[in-house]
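A.B. asks: Once you've had a glance at the structure underneath, I'll fire off some questions.
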Amino acid sequence: MLAFVGANLIDGTGAAPVVDATVLIQGKAIVAVGCGIEVPEDATVVNLRGKTLLPGFIDAHVHLGGSDALDDRMGNRGRHATGDYAYNVNQLLSWGVTAVRSGGDWTPDILSFRDEAEAGLVRAPHIVASGRFVQACGGHPLSTVYGDDALVMQNACVLIHKEDGAGRIEAAVRRAVGEGVDVVKVFCGDDNKLLYPEDTTVPTMTDEQLRLVVRFAHESGKRVMAHIDDLDDMDRALDAGVDAIEHVCNVCTDPDQEIGDGLLAKLVSRGAYVTPTIVATAEHEEHGFTNGAPPVAPAARRAVAKMVRAGVRIGVGTDAGIPFVAYGRSLHREMRELVQCGMTPLQVLAACTGGNAELLQREDSFGTVAVGKAADLVVLGSDPLESIENTRDVALVLRDGSIVVDKGLLSA
Ligand SMILES: [Zn+2]
């Protein structure tokens, strides 16, 4: 048994921190949490006085088979080409990320890797995976970022053609779900930023096709996450019935766009999640990865600030695995961005742990420090409520009760 004592505990539910808390871990699970808990004699005791203990962070939007290398546009591959995602998963774990939702990957590679990670055969965060992405033929991202790459088409994509009706769409969605995915990822943007400043419009699914994808996914018991490029796409995705919105405003969209009260009300009434990935927009603009388009990160931040005020459910995710968006590290920047949009550090920490677990539909397994939950834990050397920047001060990471990162806390 492992016993953490004397910790400042932030449990991931949004509750105020508990001082001098004890957390007992047996095998993979948390077996006791609280103050004044008796520590069994045979337990290995770790004194966390002056340190903060919280659930492992969850990145709600990554591409695990991607690459965060500079301008690596073909970076979406499977187990062989990525060496079992080794660099990517090690970066994630070392920054305290113990679970991810991966939206658009080589399939079935990501699914077998997910299962092996869950069985403890490979060292990686818990993975919730969409497998292939569902998109319009000729649209984003296959025909844009991947230049119609045949391998991406074969392994990571479900193409919906202009003439496809209910029968074909049902078959396509059921085939994709039948591979064993956790969630369905659909693209409903119609922009190709690589064409800027020419006309950036590319094919996208019709509203009816989008509705059918969502309907058949829901009938198969799967949530739908929708990539959008701007606020009009967000509205369209909500009308189609998607559960989760990915991004807010992407590069090359209107820098003056403002979210209206109607859309805000719709987000709230539908209970939809928005995972803004501000860090991705910001990193692209800071690195000039924009074809000279005017910056939209300010518009994204304005929209997110309004969503925060309106009470929209915010997911914390990054888009790690696309150029310039680093695995693990960028989640800490996204947390800072969300604080700058008006969330308190405690709210952001709850969103990035317990809240994201709900978004991933894994709240029964992990995301909070509670009895029976997986011992996915992070120890920070300094207080993240004092400054959200302190989330970067990762000293120790446990995943399913195993110590996967120790930056000198136990070995010192
Ligand atoms: Zn993405």
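Each chain of the structure tokens is named A, B, ... in the order shown, its residues numbered from 1; ligands are numbered from 1 in display order.
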Would you list the contacts of Asp383 in chain A as a short mmCIF file (atom, residue, chain, number, x, y, z; two decimals) with C-alpha atoms, in the first residue's frame, taking every protein, DNA or RNA residue within 8 Å and counting only C-alpha atoms, but skipping same-chain residues closer than 6 positions in sequence?

C.D. replies:
data_model
loop_
_atom_site.label_atom_id
_atom_site.label_comp_id
_atom_site.auth_asym_id
_atom_site.auth_seq_id
_atom_site.Cartn_x
_atom_site.Cartn_y
_atom_site.Cartn_z
CA LYS A 51 2.86 20.03 -2.07
CA THR A 52 -0.40 19.74 -3.99
CA ASN A 390 2.38 26.14 -11.16
CA THR A 391 0.63 23.21 -12.87
#

A.B. asks: Where does DSSP see strand (DSSP E or B) in range 3-240 of chain A, if you list the residues as an MDAnalysis selection string?

C.D. replies: chainID A and resid 3:9 18:26 29:34 44:47 52:55 57:62 66 76 97:102 126:129 133:136 157:160 183:187 191 201 223:227

A.B. asks: Produce a file of the selected residues containing C-alpha atoms, as a CSV table (one decimal), in the first residue's frame.

C.D. replies:
chain,number,residue,atom,x,y,z
A,3,ALA,CA,0.2,6.4,1.6
A,4,PHE,CA,0.4,10.0,0.7
A,5,VAL,CA,0.1,12.2,3.8
A,6,GLY,CA,0.1,15.9,4.6
A,7,ALA,CA,-1.0,16.9,1.1
A,8,ASN,CA,-2.9,19.9,-0.1
A,9,LEU,CA,-5.6,17.9,-1.9
A,18,VAL,CA,-8.3,20.1,1.7
A,19,VAL,CA,-5.3,20.7,3.8
A,20,ASP,CA,-3.2,17.9,5.4
A,21,ALA,CA,-5.1,15.2,3.5
A,22,THR,CA,-4.2,11.5,3.4
A,23,VAL,CA,-4.7,9.3,0.3
A,24,LEU,CA,-4.2,5.6,0.4
A,25,ILE,CA,-3.6,3.5,-2.7
A,26,GLN,CA,-3.8,-0.2,-3.0
A,29,ALA,CA,-7.1,2.1,-7.0
A,30,ILE,CA,-7.6,4.8,-4.4
A,31,VAL,CA,-8.9,3.1,-1.2
A,32,ALA,CA,-9.2,6.0,1.2
A,33,VAL,CA,-9.2,9.8,1.1
A,34,GLY,CA,-9.5,12.3,3.8
A,44,THR,CA,5.0,3.1,2.1
A,45,VAL,CA,4.5,6.6,3.4
A,46,VAL,CA,5.2,9.7,1.3
A,47,ASN,CA,5.1,13.0,3.0
A,52,THR,CA,-0.4,19.7,-4.0
A,53,LEU,CA,-2.0,16.4,-4.9
A,54,LEU,CA,-4.6,16.3,-7.6
A,55,PRO,CA,-6.0,13.9,-10.2
A,57,PHE,CA,-4.6,15.9,-16.0
A,58,ILE,CA,-6.8,14.9,-19.0
A,59,ASP,CA,-6.2,16.3,-22.5
A,60,ALA,CA,-9.6,16.2,-24.2
A,61,HIS,CA,-8.3,16.8,-27.7
A,62,VAL,CA,-5.1,15.2,-29.1
A,66,GLY,CA,0.4,12.8,-34.9
A,76,ASN,CA,-0.6,11.2,-38.6
A,97,VAL,CA,-1.4,13.9,-18.4
A,98,THR,CA,-2.8,10.5,-17.5
A,99,ALA,CA,-5.7,10.3,-20.0
A,100,VAL,CA,-6.5,11.7,-23.5
A,101,ARG,CA,-9.3,11.7,-26.0
A,102,SER,CA,-7.7,11.1,-29.4
A,126,HIS,CA,-5.7,6.1,-20.7
A,127,ILE,CA,-7.0,6.6,-24.2
A,128,VAL,CA,-10.5,7.4,-25.4
A,129,ALA,CA,-10.4,7.1,-29.2
A,133,PHE,CA,-12.5,10.8,-38.7
A,134,VAL,CA,-15.7,11.2,-40.7
A,135,GLN,CA,-15.5,13.9,-43.4
A,136,ALA,CA,-16.8,15.0,-46.8
A,157,CYS,CA,-10.7,8.3,-42.7
A,158,VAL,CA,-14.3,7.7,-43.5
A,159,LEU,CA,-15.4,9.6,-46.6
A,160,ILE,CA,-18.9,10.8,-47.1
A,183,VAL,CA,-16.6,8.3,-29.8
A,184,VAL,CA,-17.2,9.5,-33.4
A,185,LYS,CA,-15.3,12.4,-34.8
A,186,VAL,CA,-16.9,14.4,-37.6
A,187,PHE,CA,-15.6,17.4,-39.5
A,191,ASP,CA,-12.3,25.9,-44.8
A,201,THR,CA,-13.9,27.0,-49.2
A,223,ARG,CA,-21.1,10.5,-28.6
A,224,VAL,CA,-20.1,12.8,-31.5
A,225,MET,CA,-17.3,15.3,-31.4
A,226,ALA,CA,-17.3,17.9,-34.2
A,227,HIS,CA,-14.4,19.8,-35.6

A.B. asks: With distances taken over only C-alpha atoms, which residue among A:Cys249, A:Ala265, A:Leu385, A:Ala395 lies nearest Ala303 in chain A?

C.D. replies: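 Nearest candidate to Ala303 in chain A out of A:Cys249, A:Ala265, A:Leu385, A:Ala395: A:Cys249.
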
A.B. asks: Under the rule that only C-alpha atoms and all ligand atoms are counted, which of A:Ala117, A:Ala272, A:Val279, A:Met205 is the nearest residue to ligand 1?

C.D. replies: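 Checking each of A:Ala117, A:Ala272, A:Val279, A:Met205 against ligand 1, counting only C-alpha atoms and all ligand atoms, the winner is A:Val279.
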
A.B. asks: Which protein, DNA or RNA residues have an atom within 8 Å of ligand 1, counting only C-alpha atoms and all ligand atoms, as a ChimeraX atom specification?

C.D. replies: /A:61-63,103-104,227,246,318-322

A.B. asks: Do a neighbour search on Leu121 in chain A at 12 Å with only C-alpha atoms, toss out local chain neighbours closer than 6 positions, and write the hits as a list in words.

C.D. replies: Asp84, Ser112, Phe113, Arg114 and Asp115 of chain A

A.B. asks: Measuring atom to atom with only C-alpha atoms, identify which of A:Ala297, A:Phe366, A:Pro255, A:Gly50 is nearest to Ser382 in chain A.

C.D. replies: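 Ranked by minimum distance to Ser382 in chain A, first place goes to A:Gly50.
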
A.B. asks: What is the distance between CA of Gly372 in chain A and CA of Gly401 in chain A, in Å to one decimal?

C.D. replies: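 Atom-to-atom, CA of Gly372 in chain A and CA of Gly401 in chain A are spaced 11.8 Å apart.
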
A.B. asks: Any idea what's packed within 6 Å of Val274 in chain A, counting only C-alpha atoms, ignoring anything in its chain fewer than 6 positions away? Could you give it as a list in words?

C.D. replies: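 Contacts, in chain order: Ala244, Ile245, Ile314 and Gly315 of chain A.
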
A.B. asks: Only N, CA and C atoms, please: the residues just picked out, written as a tab-separated table (two decimals), in the first residue's frame.

C.D. replies:
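Saved the output as selection27.tsv:
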chain	number	residue	atom	x	y	z
A	244	ALA	N	-20.24	17.40	-28.62
A	244	ALA	CA	-19.03	18.12	-28.24
A	244	ALA	C	-18.49	18.89	-29.43
A	245	ILE	N	-18.14	20.15	-29.16
A	245	ILE	CA	-17.61	21.05	-30.19
A	245	ILE	C	-16.10	21.15	-29.98
A	314	ILE	N	-16.96	23.65	-20.45
A	314	ILE	CA	-15.71	23.80	-21.17
A	314	ILE	C	-14.84	22.56	-20.99
A	315	GLY	N	-14.43	21.96	-22.10
A	315	GLY	CA	-13.43	20.89	-22.06
A	315	GLY	C	-12.05	21.51	-22.19

A.B. asks: Do a neighbour search on range 197-199 of chain A at 8 Å with only C-alpha atoms, toss out local chain neighbours closer than 5 positions, and write the hits as a VMD selection string.

C.D. replies: chain A and resid 291 to 293

A.B. asks: In Å to one decimal, how far is CA of Val145 in chain A from CA of Arg132 in chain A?

C.D. replies: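 Interatomic distance, CA of Arg132 in chain A to CA of Val145 in chain A: 15.3 Å.
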
A.B. asks: Could you check the closest approach to Val214 in chain A for each of A:Leu194, A:Ser365, A:Val173, A:Asp232 and tell me which residue wins, using only C-alpha atoms?

C.D. replies: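 Of A:Leu194, A:Ser365, A:Val173, A:Asp232, the one nearest Val214 in chain A, counting only C-alpha atoms, is A:Val173.
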
A.B. asks: Between CA of Tyr273 in chain A and CA of Asp235 in chain A, measure the distance and give it in Å to one decimal.

C.D. replies: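 Those two atoms sit 13.0 Å apart.
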
A.B. asks: Using only C-alpha atoms for the distances, tell me which of A:Ser411, A:Ala374, A:Ala156, A:His161 is nearest to Leu398 in chain A.

C.D. replies: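 Of A:Ser411, A:Ala374, A:Ala156, A:His161, the one nearest Leu398 in chain A is A:Ala374, counting only C-alpha atoms.
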
A.B. asks: Please identify all polymer residues within 12 Å of Pro294 in chain A, counting only C-alpha atoms, omitting same-chain residues fewer than 4 positions from it, and present them as an MDAnalysis selection string.

C.D. replies: chainID A and resid 193 196:197 250:256 281:282 284:286 288:290 298:299

A.B. asks: For the residues in that selection, give me N, CA and C atoms as an mmCIF file, in the first residue's frame.

C.D. replies:
data_model
loop_
_atom_site.group_PDB
_atom_site.id
_atom_site.type_symbol
_atom_site.label_atom_id
_atom_site.label_comp_id
_atom_site.auth_asym_id
_atom_site.auth_seq_id
_atom_site.Cartn_x
_atom_site.Cartn_y
_atom_site.Cartn_z
ATOM 1 N N LYS A 193 -7.367 26.305 -44.822
ATOM 2 C CA LYS A 193 -6.523 27.468 -44.539
ATOM 3 C C LYS A 193 -5.286 27.515 -45.432
ATOM 4 N N TYR A 196 -5.471 30.032 -48.312
ATOM 5 C CA TYR A 196 -5.524 31.467 -48.045
ATOM 6 C C TYR A 196 -4.372 32.162 -48.761
ATOM 7 N N PRO A 197 -4.525 33.327 -49.393
ATOM 8 C CA PRO A 197 -5.701 34.200 -49.397
ATOM 9 C C PRO A 197 -6.678 33.944 -50.546
ATOM 10 N N ASN A 250 -10.786 29.010 -36.073
ATOM 11 C CA ASN A 250 -9.490 28.591 -36.595
ATOM 12 C C ASN A 250 -8.873 29.658 -37.487
ATOM 13 N N VAL A 251 -7.573 29.512 -37.667
ATOM 14 C CA VAL A 251 -6.809 30.419 -38.510
ATOM 15 C C VAL A 251 -7.481 30.561 -39.876
ATOM 16 N N CYS A 252 -7.514 31.769 -40.406
ATOM 17 C CA CYS A 252 -8.080 32.107 -41.718
ATOM 18 C C CYS A 252 -9.595 32.293 -41.687
ATOM 19 N N THR A 253 -10.203 32.218 -40.513
ATOM 20 C CA THR A 253 -11.625 32.576 -40.449
ATOM 21 C C THR A 253 -11.716 34.051 -40.051
ATOM 22 N N ASP A 254 -12.943 34.554 -39.949
ATOM 23 C CA ASP A 254 -13.190 35.981 -39.740
ATOM 24 C C ASP A 254 -12.634 36.447 -38.384
ATOM 25 N N PRO A 255 -11.669 37.380 -38.413
ATOM 26 C CA PRO A 255 -11.085 37.826 -37.142
ATOM 27 C C PRO A 255 -12.052 38.669 -36.308
ATOM 28 N N ASP A 256 -13.166 39.098 -36.921
ATOM 29 C CA ASP A 256 -14.122 39.941 -36.191
ATOM 30 C C ASP A 256 -15.326 39.170 -35.664
ATOM 31 N N THR A 281 -4.631 27.521 -31.867
ATOM 32 C CA THR A 281 -4.782 28.737 -32.672
ATOM 33 C C THR A 281 -3.634 29.705 -32.369
ATOM 34 N N ALA A 282 -3.349 29.877 -31.084
ATOM 35 C CA ALA A 282 -2.309 30.828 -30.681
ATOM 36 C C ALA A 282 -0.927 30.399 -31.167
ATOM 37 N N HIS A 284 -0.163 28.510 -33.689
ATOM 38 C CA HIS A 284 -0.065 28.647 -35.147
ATOM 39 C C HIS A 284 0.188 30.099 -35.529
ATOM 40 N N GLU A 285 -0.496 30.997 -34.837
ATOM 41 C CA GLU A 285 -0.319 32.410 -35.185
ATOM 42 C C GLU A 285 1.050 32.915 -34.745
ATOM 43 N N GLU A 286 1.484 32.482 -33.589
ATOM 44 C CA GLU A 286 2.798 32.938 -33.105
ATOM 45 C C GLU A 286 3.932 32.389 -33.962
ATOM 46 N N GLY A 288 3.599 31.896 -37.174
ATOM 47 C CA GLY A 288 3.389 32.334 -38.561
ATOM 48 C C GLY A 288 2.860 31.236 -39.457
ATOM 49 N N PHE A 289 2.178 30.258 -38.861
ATOM 50 C CA PHE A 289 1.649 29.116 -39.621
ATOM 51 C C PHE A 289 0.235 29.463 -40.087
ATOM 52 N N THR A 290 0.120 30.600 -40.822
ATOM 53 C CA THR A 290 -1.202 31.168 -41.091
ATOM 54 C C THR A 290 -1.365 31.643 -42.530
ATOM 55 N N PRO A 298 -7.562 36.333 -30.776
ATOM 56 C CA PRO A 298 -8.341 37.267 -29.947
ATOM 57 C C PRO A 298 -9.847 37.004 -30.028
ATOM 58 N N ALA A 299 -10.346 36.677 -31.220
ATOM 59 C CA ALA A 299 -11.783 36.376 -31.368
ATOM 60 C C ALA A 299 -12.142 35.111 -30.600
#

A.B. asks: Assign secondary structure with DSSP using the backbone only, and return the residues of range 141-187 of chain A in helix (DSSP H, G or I) as JSON, numbers by chain.

C.D. replies: {"A": [150, 151, 152, 153, 154, 155, 156, 166, 167, 168, 169, 170, 171, 172, 173, 174, 175, 176, 177, 178]}
